[in-house]
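Visitor: Provided below: protein_39.cif, containing mmCIF, C-alpha atoms.
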```cif
data_target
#
loop_
_atom_site.group_PDB
_atom_site.id
_atom_site.type_symbol
_atom_site.label_atom_id
_atom_site.label_comp_id
_atom_site.auth_asym_id
_atom_site.auth_seq_id
_atom_site.Cartn_x
_atom_site.Cartn_y
_atom_site.Cartn_z
ATOM 1 C CA GLU A 781 -6.842 23.256 -20.579
ATOM 2 C CA LYS A 782 -4.823 26.451 -21.070
ATOM 3 C CA TYR A 783 -2.185 25.627 -18.478
ATOM 4 C CA ILE A 784 -2.028 21.829 -18.329
ATOM 5 C CA ASP A 785 1.225 21.598 -20.283
ATOM 6 C CA LYS A 786 2.860 24.012 -17.849
ATOM 7 C CA VAL A 787 1.399 22.632 -14.608
ATOM 8 C CA LEU A 788 1.515 18.892 -15.290
ATOM 9 C CA PRO A 789 5.323 18.440 -15.286
ATOM 10 C CA GLU A 790 5.604 20.165 -11.889
ATOM 11 C CA THR A 791 2.726 18.101 -10.524
ATOM 12 C CA VAL A 792 4.380 14.875 -11.668
ATOM 13 C CA LYS A 793 7.648 15.913 -9.979
ATOM 14 C CA GLY A 794 5.758 16.419 -6.723
ATOM 15 C CA TYR A 795 4.203 12.947 -6.938
ATOM 16 C CA GLU A 796 7.607 11.430 -7.741
ATOM 17 C CA LYS A 797 9.082 12.999 -4.585
ATOM 18 C CA ARG A 798 6.218 11.732 -2.427
ATOM 19 C CA CYS A 799 6.511 8.269 -3.925
ATOM 20 C CA LYS A 800 10.254 8.183 -3.291
ATOM 21 C CA VAL A 801 9.772 9.252 0.337
ATOM 22 C CA MET A 802 7.146 6.565 0.867
ATOM 23 C CA CYS A 803 9.238 3.802 -0.707
ATOM 24 C CA GLU A 804 12.400 4.746 1.188
ATOM 25 C CA THR A 805 10.522 4.981 4.486
ATOM 26 C CA ILE A 806 8.827 1.604 3.921
ATOM 27 C CA ASP A 807 12.249 0.088 3.248
ATOM 28 C CA SER A 808 13.586 1.567 6.490
ATOM 29 C CA TYR A 809 10.700 0.939 8.898
ATOM 30 C CA PHE A 810 8.440 -1.879 7.703
ATOM 31 C CA PRO A 811 8.970 -5.512 8.664
ATOM 32 C CA ASP A 812 9.951 -8.008 5.967
ATOM 33 C CA GLY A 813 7.769 -7.857 2.899
ATOM 34 C CA LEU A 814 7.612 -6.844 -0.728
ATOM 35 C CA ARG A 815 6.565 -3.491 -2.145
ATOM 36 C CA THR A 816 6.026 -2.212 -5.622
ATOM 37 C CA ASP A 817 8.087 0.444 -7.356
ATOM 38 C CA PRO A 818 5.304 2.462 -8.992
ATOM 39 C CA THR A 819 5.901 3.768 -12.500
ATOM 40 C CA GLY A 820 2.611 5.670 -12.498
ATOM 41 C CA GLY A 821 -0.477 6.167 -10.414
ATOM 42 C CA PHE A 822 -0.618 7.203 -6.779
ATOM 43 C CA PHE A 823 -0.156 4.012 -4.779
ATOM 44 C CA VAL A 824 2.416 1.626 -3.365
ATOM 45 C CA TRP A 825 1.352 -2.004 -2.891
ATOM 46 C CA TRP A 826 2.914 -3.844 0.061
ATOM 47 C CA GLU A 827 2.763 -7.544 0.941
ATOM 48 C CA ALA A 828 3.899 -8.786 4.344
ATOM 49 C CA ALA A 829 6.313 -11.713 4.295
ATOM 50 C CA LYS A 830 4.450 -13.288 7.230
ATOM 51 C CA TYR A 831 0.722 -13.824 7.377
ATOM 52 C CA ILE A 832 -1.232 -11.006 8.996
ATOM 53 C CA ASP A 833 -4.847 -10.073 8.382
ATOM 54 C CA LEU A 834 -4.310 -6.447 7.404
ATOM 55 C CA LYS A 835 -8.043 -5.704 7.271
ATOM 56 C CA ALA A 836 -8.407 -6.683 10.930
ATOM 57 C CA PHE A 837 -5.150 -4.861 11.732
ATOM 58 C CA LEU A 838 -6.521 -1.702 10.097
ATOM 59 C CA GLU A 839 -9.673 -1.819 12.206
ATOM 60 C CA LYS A 840 -8.121 -2.830 15.533
ATOM 61 C CA VAL A 841 -4.691 -1.174 15.449
ATOM 62 C CA ALA A 842 -4.078 1.300 12.622
ATOM 63 C CA ILE A 843 -7.260 3.403 12.743
ATOM 64 C CA PRO A 844 -7.163 3.799 16.551
ATOM 65 C CA ASN A 845 -3.623 5.160 15.993
ATOM 66 C CA ASP A 846 -4.805 7.632 13.305
ATOM 67 C CA ILE A 847 -3.343 5.656 10.394
ATOM 68 C CA SER A 848 -5.251 4.509 7.350
ATOM 69 C CA TYR A 849 -4.633 2.423 4.237
ATOM 70 C CA VAL A 850 -6.703 0.172 2.014
ATOM 71 C CA PRO A 851 -6.405 -3.552 2.758
ATOM 72 C CA GLY A 852 -5.340 -5.460 -0.336
ATOM 73 C CA SER A 853 -8.267 -7.851 0.030
ATOM 74 C CA ALA A 854 -10.522 -5.028 -1.238
ATOM 75 C CA PHE A 855 -8.980 -5.497 -4.695
ATOM 76 C CA TYR A 856 -9.818 -9.187 -5.042
ATOM 77 C CA PRO A 857 -13.185 -10.829 -5.564
ATOM 78 C CA LEU A 858 -14.931 -12.244 -2.542
ATOM 79 C CA PRO A 859 -13.640 -15.778 -1.948
ATOM 80 C CA LYS A 860 -16.989 -17.387 -2.749
ATOM 81 C CA PHE A 861 -17.001 -15.682 -6.161
ATOM 82 C CA GLY A 862 -13.343 -15.703 -7.095
ATOM 83 C CA LEU A 863 -10.842 -17.958 -8.729
ATOM 84 C CA LEU A 864 -7.134 -17.387 -8.918
ATOM 85 C CA TYR A 865 -4.349 -18.762 -11.070
ATOM 86 C CA ASP A 866 -1.763 -20.522 -8.900
ATOM 87 C CA PRO A 867 1.530 -20.669 -10.852
ATOM 88 C CA GLU A 868 2.988 -23.260 -8.443
ATOM 89 C CA LYS A 869 0.109 -25.639 -9.180
ATOM 90 C CA ASN A 870 -0.301 -24.423 -12.762
ATOM 91 C CA ASP A 871 -4.021 -24.471 -12.113
ATOM 92 C CA ILE A 872 -7.021 -22.296 -11.339
ATOM 93 C CA VAL A 873 -7.870 -22.539 -7.634
ATOM 94 C CA PRO A 874 -10.508 -20.944 -5.394
ATOM 95 C CA LEU A 875 -9.522 -17.593 -3.979
ATOM 96 C CA ASP A 876 -8.913 -17.802 -0.253
ATOM 97 C CA SER A 877 -7.445 -15.458 2.339
ATOM 98 C CA ALA A 878 -4.021 -15.536 0.676
ATOM 99 C CA HIS A 879 -4.183 -11.804 0.001
ATOM 100 C CA ALA A 880 -5.124 -10.756 3.533
ATOM 101 C CA ASN A 881 -1.489 -9.748 4.128
ATOM 102 C CA THR A 882 -1.466 -6.973 1.507
ATOM 103 C CA MET A 883 -2.199 -3.245 1.552
ATOM 104 C CA ARG A 884 -2.362 -0.287 -0.791
ATOM 105 C CA LEU A 885 -0.783 2.943 0.428
ATOM 106 C CA SER A 886 -1.457 6.311 -1.180
ATOM 107 C CA TYR A 887 1.141 9.044 -1.617
ATOM 108 C CA SER A 888 -1.056 11.432 -3.602
ATOM 109 C CA PHE A 889 -2.468 13.667 -0.880
ATOM 110 C CA LEU A 890 -0.174 14.333 2.058
ATOM 111 C CA PRO A 891 3.092 16.290 2.051
ATOM 112 C CA GLU A 892 6.358 14.358 2.173
ATOM 113 C CA GLU A 893 7.008 14.885 5.893
ATOM 114 C CA ASP A 894 3.530 13.568 6.805
ATOM 115 C CA ILE A 895 3.984 10.548 4.543
ATOM 116 C CA ALA A 896 7.310 9.743 6.205
ATOM 117 C CA GLU A 897 5.842 10.124 9.706
ATOM 118 C CA GLY A 898 2.792 7.990 8.917
ATOM 119 C CA ILE A 899 4.852 5.228 7.341
ATOM 120 C CA LYS A 900 7.257 5.216 10.311
ATOM 121 C CA ARG A 901 4.338 4.895 12.732
ATOM 122 C CA LEU A 902 2.670 2.195 10.630
ATOM 123 C CA GLY A 903 5.956 0.293 10.335
ATOM 124 C CA LYS A 904 6.415 0.383 14.109
ATOM 125 C CA LEU A 905 2.879 -0.921 14.681
ATOM 126 C CA LEU A 906 3.317 -3.674 12.111
ATOM 127 C CA SER A 907 6.607 -4.749 13.668
ATOM 128 C CA GLU A 908 4.999 -4.895 17.125
ATOM 129 C CA HIS A 909 2.105 -7.071 15.913
ATOM 130 C CA MET A 910 3.845 -9.486 13.555
#
```
In structure tokens, write the structure found in this file.

Guide:
Amino acid sequence: EKYIDKVLPETVKGYEKRCKVMCETIDSYFPDGLRTDPTGGFFVWWEAAKYIDLKAFLEKVAIPNDISYVPGSAFYPLPKFGLLYDPEKNDIVPLDSAHANTMRLSYSFLPEEDIAEGIKRLGKLLSEHM
């Protein structure tokens, strides 16, 4: 509590740099998709433009290549329990596998050069399998 006001601004600058590296590297190496521009927190959310089951991809491709992320499906209720608002239908519909093509990527732990290398490798793998 004595040093938080001094340490926090430097810590935030470090996270901003890591976030910027991750976003720029995603833009350069990932296949078509959408990513967030975080304004806080420690994560970038990415959604593939084409369907790919990113949970299965994590298990079969990413982890064996020493890459990890959290599949986006972990942040939605199980399909049998969930409902979702569909703006195109203007209705509440059952949740299905529509979010299987999403992932959450963390930039809070690794140094910038490791983030860039991991994202490059992940982008290459994604491009090969999509």

Visitor: Might you pull out every residue within 8 Å of region 880-889 of chain A, with only C-alpha atoms counted and same-chain residues fewer than 5 positions away left off, and present them as JSON, numbers by chain?

Guide: {"A": [795, 798, 799, 802, 822, 823, 824, 825, 826, 827, 828, 830, 831, 832, 833, 834, 835, 849, 850, 851, 852, 853, 895]}

Visitor: Work out how far apart CA of Glu908 (chain A) and CA of Leu838 (chain A) are and give it in Å to one decimal.

Guide: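 Between CA of Glu908 (chain A) and CA of Leu838 (chain A) the gap is 13.9 Å.
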
Visitor: Calculate how many Å separate CA of Ala854 (chain A) from CA of Glu892 (chain A), rounding to one decimal.

Guide: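 For CA of Ala854 (chain A) relative to CA of Glu892 (chain A), the distance reads 25.9 Å.
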
Visitor: Compare A:Asp846, A:Val787, A:Val792, A:Ala829 by their minimum atom-to-atom distance to Phe810 (chain A), counting all atoms listed in the file, and give me the closest one.

Guide: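 Looking only at the distances to Phe810 (chain A), the closest residue turns out to be A:Ala829.
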
Visitor: Go through A:Leu863, A:Cys803, A:Ile843, A:Ala836 one by one, measure the shortest atom-to-atom distance of each to Lys900 (chain A) using all atoms listed in the file, and give the residue with the smallest value.

Guide: A:Cys803

Visitor: Quote the spacing between CA of Leu905 (chain A) and CA of Gly794 (chain A) in Å to one decimal place.

Guide: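 Between CA of Leu905 (chain A) and CA of Gly794 (chain A) the gap works out to 27.7 Å.
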
Visitor: Centre and edge lengths of an axis-aligned box around all listed atoms of region 834-844 of chain A, with 5 Å added on each side, are to be given in Å to one decimal, as AutoDock Vina command-line options.

Guide:
```
--center_x -6.9 --center_y -1.4 --center_z 11.9 --size_x 15.6 --size_y 20.5 --size_z 19.3
```

Visitor: Which residue, A:Glu839, A:Glu893, A:Asp866, A:Asp785, has the smallest gap to Lys797 (chain A) when you use only C-alpha atoms?

Guide: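 Smallest distance to Lys797 (chain A) is found for A:Glu893.
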
Visitor: Find the spatial neighbours of region 902-904 of chain A, counting only C-alpha atoms, within a cut-off of 8 Å - ignore same-chain residues fewer than 3 positions away - and output them as a ChimeraX atom specification.

Guide: /A:806,809-811,842,847,898-899,907-908

Visitor: Restricting the output to C-alpha atoms, write the selected residues as a PDB file, in the frame of the given file.

Guide:
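Output file again.pdb is given in full below:
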```
ATOM      1  CA  ILE A 806       8.827   1.604   3.921  1.00  0.00           C
ATOM      2  CA  TYR A 809      10.700   0.939   8.898  1.00  0.00           C
ATOM      3  CA  PHE A 810       8.440  -1.879   7.703  1.00  0.00           C
ATOM      4  CA  PRO A 811       8.970  -5.512   8.664  1.00  0.00           C
ATOM      5  CA  ALA A 842      -4.078   1.300  12.622  1.00  0.00           C
ATOM      6  CA  ILE A 847      -3.343   5.656  10.394  1.00  0.00           C
ATOM      7  CA  GLY A 898       2.792   7.990   8.917  1.00  0.00           C
ATOM      8  CA  ILE A 899       4.852   5.228   7.341  1.00  0.00           C
ATOM      9  CA  SER A 907       6.607  -4.749  13.668  1.00  0.00           C
ATOM     10  CA  GLU A 908       4.999  -4.895  17.125  1.00  0.00           C
TER      11      GLU A 908
END
```

Visitor: N, CA, C and O atoms are needed for region 787-800 of chain A; please write them out as a tab-separated table (two decimals), in the coordinates of the input.

Guide:
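After the write, part_25.tsv holds the following:
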```tsv
chain	number	residue	atom	x	y	z
A	787	VAL	N	1.61	23.10	-15.98
A	787	VAL	CA	1.40	22.63	-14.61
A	787	VAL	C	1.71	21.14	-14.45
A	787	VAL	O	2.26	20.73	-13.42
A	788	LEU	N	1.38	20.35	-15.42
A	788	LEU	CA	1.52	18.89	-15.29
A	788	LEU	C	2.93	18.42	-14.96
A	788	LEU	O	3.11	17.60	-14.05
A	789	PRO	N	3.97	18.91	-15.64
A	789	PRO	CA	5.32	18.44	-15.29
A	789	PRO	C	5.70	18.71	-13.82
A	789	PRO	O	6.32	17.87	-13.17
A	790	GLU	N	5.31	19.85	-13.30
A	790	GLU	CA	5.60	20.16	-11.89
A	790	GLU	C	4.80	19.27	-10.95
A	790	GLU	O	5.30	18.83	-9.91
A	791	THR	N	3.57	18.99	-11.32
A	791	THR	CA	2.73	18.10	-10.52
A	791	THR	C	3.33	16.70	-10.47
A	791	THR	O	3.41	16.07	-9.41
A	792	VAL	N	3.77	16.21	-11.60
A	792	VAL	CA	4.38	14.88	-11.67
A	792	VAL	C	5.64	14.82	-10.80
A	792	VAL	O	5.87	13.84	-10.08
A	793	LYS	N	6.45	15.87	-10.83
A	793	LYS	CA	7.65	15.91	-9.98
A	793	LYS	C	7.28	15.82	-8.50
A	793	LYS	O	7.96	15.14	-7.72
A	794	GLY	N	6.21	16.49	-8.11
A	794	GLY	CA	5.76	16.42	-6.72
A	794	GLY	C	5.35	15.01	-6.33
A	794	GLY	O	5.70	14.52	-5.25
A	795	TYR	N	4.60	14.33	-7.21
A	795	TYR	CA	4.20	12.95	-6.94
A	795	TYR	C	5.42	12.03	-6.89
A	795	TYR	O	5.48	11.11	-6.07
A	796	GLU	N	6.38	12.25	-7.76
A	796	GLU	CA	7.61	11.43	-7.74
A	796	GLU	C	8.34	11.56	-6.41
A	796	GLU	O	8.82	10.58	-5.85
A	797	LYS	N	8.42	12.78	-5.88
A	797	LYS	CA	9.08	13.00	-4.58
A	797	LYS	C	8.34	12.28	-3.47
A	797	LYS	O	8.94	11.63	-2.62
A	798	ARG	N	7.02	12.40	-3.45
A	798	ARG	CA	6.22	11.73	-2.43
A	798	ARG	C	6.37	10.22	-2.51
A	798	ARG	O	6.49	9.54	-1.50
A	799	CYS	N	6.35	9.70	-3.73
A	799	CYS	CA	6.51	8.27	-3.92
A	799	CYS	C	7.87	7.80	-3.41
A	799	CYS	O	7.96	6.78	-2.71
A	800	LYS	N	8.90	8.54	-3.73
A	800	LYS	CA	10.25	8.18	-3.29
A	800	LYS	C	10.34	8.18	-1.77
A	800	LYS	O	10.91	7.26	-1.17
```
